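Novice: Quick one: the structure is below, questions incoming.
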Protein chains: 6
Amino acid sequence: MSALSRVLILADRVRPPRMAHAHCDLPCGVYDPAQARIEAESVKGCMEKFNGSDDNVFKTRAVYIKEQRAELVKHHLWVLWTDYFKPNHLEKYPQLHELFWKATKAAGETKKTNDVKVAEELLNHIAEIDKIFWETKQA
Amino acid sequence: MSALSRVLILADRVRPPRMAHAHCDLPCGVYDPAQARIEAESVKGCMEKFNGSDDNVFKTRAVYIKEQRAELVKHHLWVLWTDYFKPNHLEKYPQLHELFWKATKAAGETKKTNDVKVAEELLNHIAEIDKIFWETKQA
Amino acid sequence: MSALSRVLILADRVRPPRMAHAHCDLPCGVYDPAQARIEAESVKGCMEKFNGSDDNVFKTRAVYIKEQRAELVKHHLWVLWTDYFKPNHLEKYPQLHELFWKATKAAGETKKTNDVKVAEELLNHIAEIDKIFWETKQA
Amino acid sequence: MSALSRVLILADRVRPPRMAHAHCDLPCGVYDPAQARIEAESVKGCMEKFNGSDDNVFKTRAVYIKEQRAELVKHHLWVLWTDYFKPNHLEKYPQLHELFWKATKAAGETKKTNDVKVAEELLNHIAEIDKIFWETKQA
Amino acid sequence: MSALSRVLILADRVRPPRMAHAHCDLPCGVYDPAQARIEAESVKGCMEKFNGSDDNVFKTRAVYIKEQRAELVKHHLWVLWTDYFKPNHLEKYPQLHELFWKATKAAGETKKTNDVKVAEELLNHIAEIDKIFWETKQA
Amino acid sequence: MSALSRVLILADRVRPPRMAHAHCDLPCGVYDPAQARIEAESVKGCMEKFNGSDDNVFKTRAVYIKEQRAELVKHHLWVLWTDYFKPNHLEKYPQLHELFWKATKAAGETKKTNDVKVAEELLNHIAEIDKIFWETKQA
């Protein structure tokens, strides 16, 4: 089990039970960093499959699917950044802009490589966002 | 807090800590019923906003956004049904076809109404699918 | 001419003349298995082009386009299964769930191979669905 | 039964049996005006539903769904015009440009109205395109 | 002619002639804030049409189309922020994060209102981004 | 600097200052050939990157991204042709149908090759359309 997985599981344990969503003051109003995380896990999965195969058609498909999934990661993160987070969150977490910038740039980087470390870096950024997100939900 | 929420939280508690995803033998290979559940919560949120407003433009937007979210619920459920579940799962859970049929039909119904009970019925179906899904992951 | 083509043409002959669509009780309410069939023919076409070429860029494009078309096949079939077919159809055709499951799984398989037989199997499943569909329209 | 329906059925009768698709020299290479026609029938269905209802939410949904379907009609027609038809077809059918321009403009008009006659005009244009299409396939 | 329009035209005049695009070190590598601006003008156009009409169906369509266009504004701005701008740009223009956050939030606001001033505020933010963008291209 | 670039810059100079958009009598009502041109430049950029690289994964991505961008070129051109141009424009510019047909066919050709000349031909067609477009705006 990777270090990241252990951290995520630990986070699940120490955090009080919570619902999988959160309402905001918009129509629909449901946000959850899990959406970005699931797609980022998919990106990592595509890299692993790519690296483990020597079938050219399969590898082509892995590249193509990874490209789409990484785009979804970016989309879900952008939505969180613009739509969920408010000025008062930014006052408390002044690193938010930089964090989202790095996270979405990391998502872009995962398109260009099959180095699993890049996907793990992306997952680390998302885990950081996830932590802040749930802190703001409890505030 | 709704009965459903309590059940979901309880389920979180009794289930051993788990990662937010699961790998299968396909490229990408990450599935999680949370994707359908988050969109279904969004559907429910749109209904509540619709019912609580008397601004016609706002209500129009709620209808439009709900339509899109319900479509995403259907998509995520269809993907689980066709891509994740295998014949051996069906042997153990012969209700799977009927369950997914009802769940996706319920998602379709949420487009046609703003009765929150219909969204909750959908969420119940998804919770049932979620339970089976994680049982198969542990097997 | 393939055996499948002959069967389809024969089916066209023995079936009384019909309109290319059918109304149901929903907004829009038009369904037609032809949508899935056309995309599945496109999948088969991509395979044939792939197999007949030794240009790597061309083959990459064939894989990419096939991936999209196969996804459309799945989508059109899922819509028929969930939106068109009703409990009374299922009573008369208890094989419907299994048939759609196999057909959408076959569509998924066509992404992973360029073996034309897999596309033909998919077309056979769609032809079976098409037959049932038009029987229910005449009932 | 509408006059248009009768014409379409008649056309089906006098035309020799044919496959539901046609291959061209491109990757994928499958075209069929049925795709545009099915969406146009859906547009007409949405209008009829809209006119037959006095439920505001339902009418909003009919408008929204019609908008999407009409866009699909345009897309399928544009693809036929640009991708399927070749200069030699245009020599034989010099009306093609004008016909597609009118048909896609008619599809745009169906977004702006719930007058079923506009949808029928669109269907007439598509029937004309369909006739030419299948003549070129037999040539 | 609005004050904003005059400013944009003036900007066109004093700026040396330029190409409509710019290459970066990525595949594709073409960025242009014009994409966001055109969609934002469309948002403003929808508002004006909405306000000038008393046809309910037309107004519903204006709301729906505006929703889509505003989403495209957000998308084009997010792409610029994450993909085009680099750390050295941020050093020189430390306001970039805040500017993009406000601009994308303004795009979100245009979904919720038909007050043309909100669209003009959005256009002002985009004009500011556009100015910085072209300065970085000349550096 | 390419000959085409020089022509475009020259066109910018001799044309009186203009707004980046134009209103028509539709909801939204904003058209601008710049949308097609930006995507076509992206297509050209993908070709150049493809030709300049010997990394297979990178080349696969270039092909895939070019495919999407070329599709967007077609879409933006089709919208201009069907939605913006009116019968009176066609009277004055009888070459419009043929010009758009060639331009969209050229966009299709750019999917099949990495020969930069094909992208430049496409850009020339778009420049021609752009010229006519702005003439009609001034009329």
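Residues are referred to by chain and number: the chain letter is A, B, ... according to the order shown in the structure tokens, the number counts from 1 in that chain, and ligands are numbered separately from 1 in the order shown.
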What are the residues of chain E that have an atom within 10 Å of an atom of chain B, counting only C-alpha atoms, as a PyMOL selection string?
Specialist: chain E and resi 59-61+63-64+67+111-114
Novice: Mind writing the picked residues with C-alpha atoms as a compact mmCIF listing (two decimals), in the first residue's frame?
Specialist:
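Saved file selection39.txt follows:
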```txt
# COMPACT_ATOMS: atom_id res chain seq x y z
CA LYS E 59 -36.73 34.04 -22.49
CA THR E 60 -36.32 30.41 -21.44
CA ARG E 61 -34.04 29.85 -24.41
CA VAL E 63 -31.47 31.69 -20.06
CA TYR E 64 -30.44 28.26 -21.30
CA GLU E 67 -25.86 29.28 -19.12
CA LYS E 111 -25.67 32.77 -15.07
CA LYS E 112 -27.74 34.04 -12.15
CA THR E 113 -28.79 37.39 -13.48
CA ASN E 114 -29.84 39.28 -16.57
```
Novice: Using only C-alpha atoms, which residues sit within 10 Å of segment 123-133 of chain C once same-chain residues fewer than 2 positions away are excluded, as number ranges by chain?
Specialist: C: 4-5, 7-8, 11, 15, 22, 31-34, 36-41, 43-44, 73, 77, 80-81, 84-85, 89, 92-93, 96, 99-104, 106-107, 117-121, 135-138
Novice: Kindly give the distance, in Å, that separates atom CA of Glu48 of chain A and atom CA of Met47 of chain C, rounded to a single decimal.
Specialist: 26.1 Å
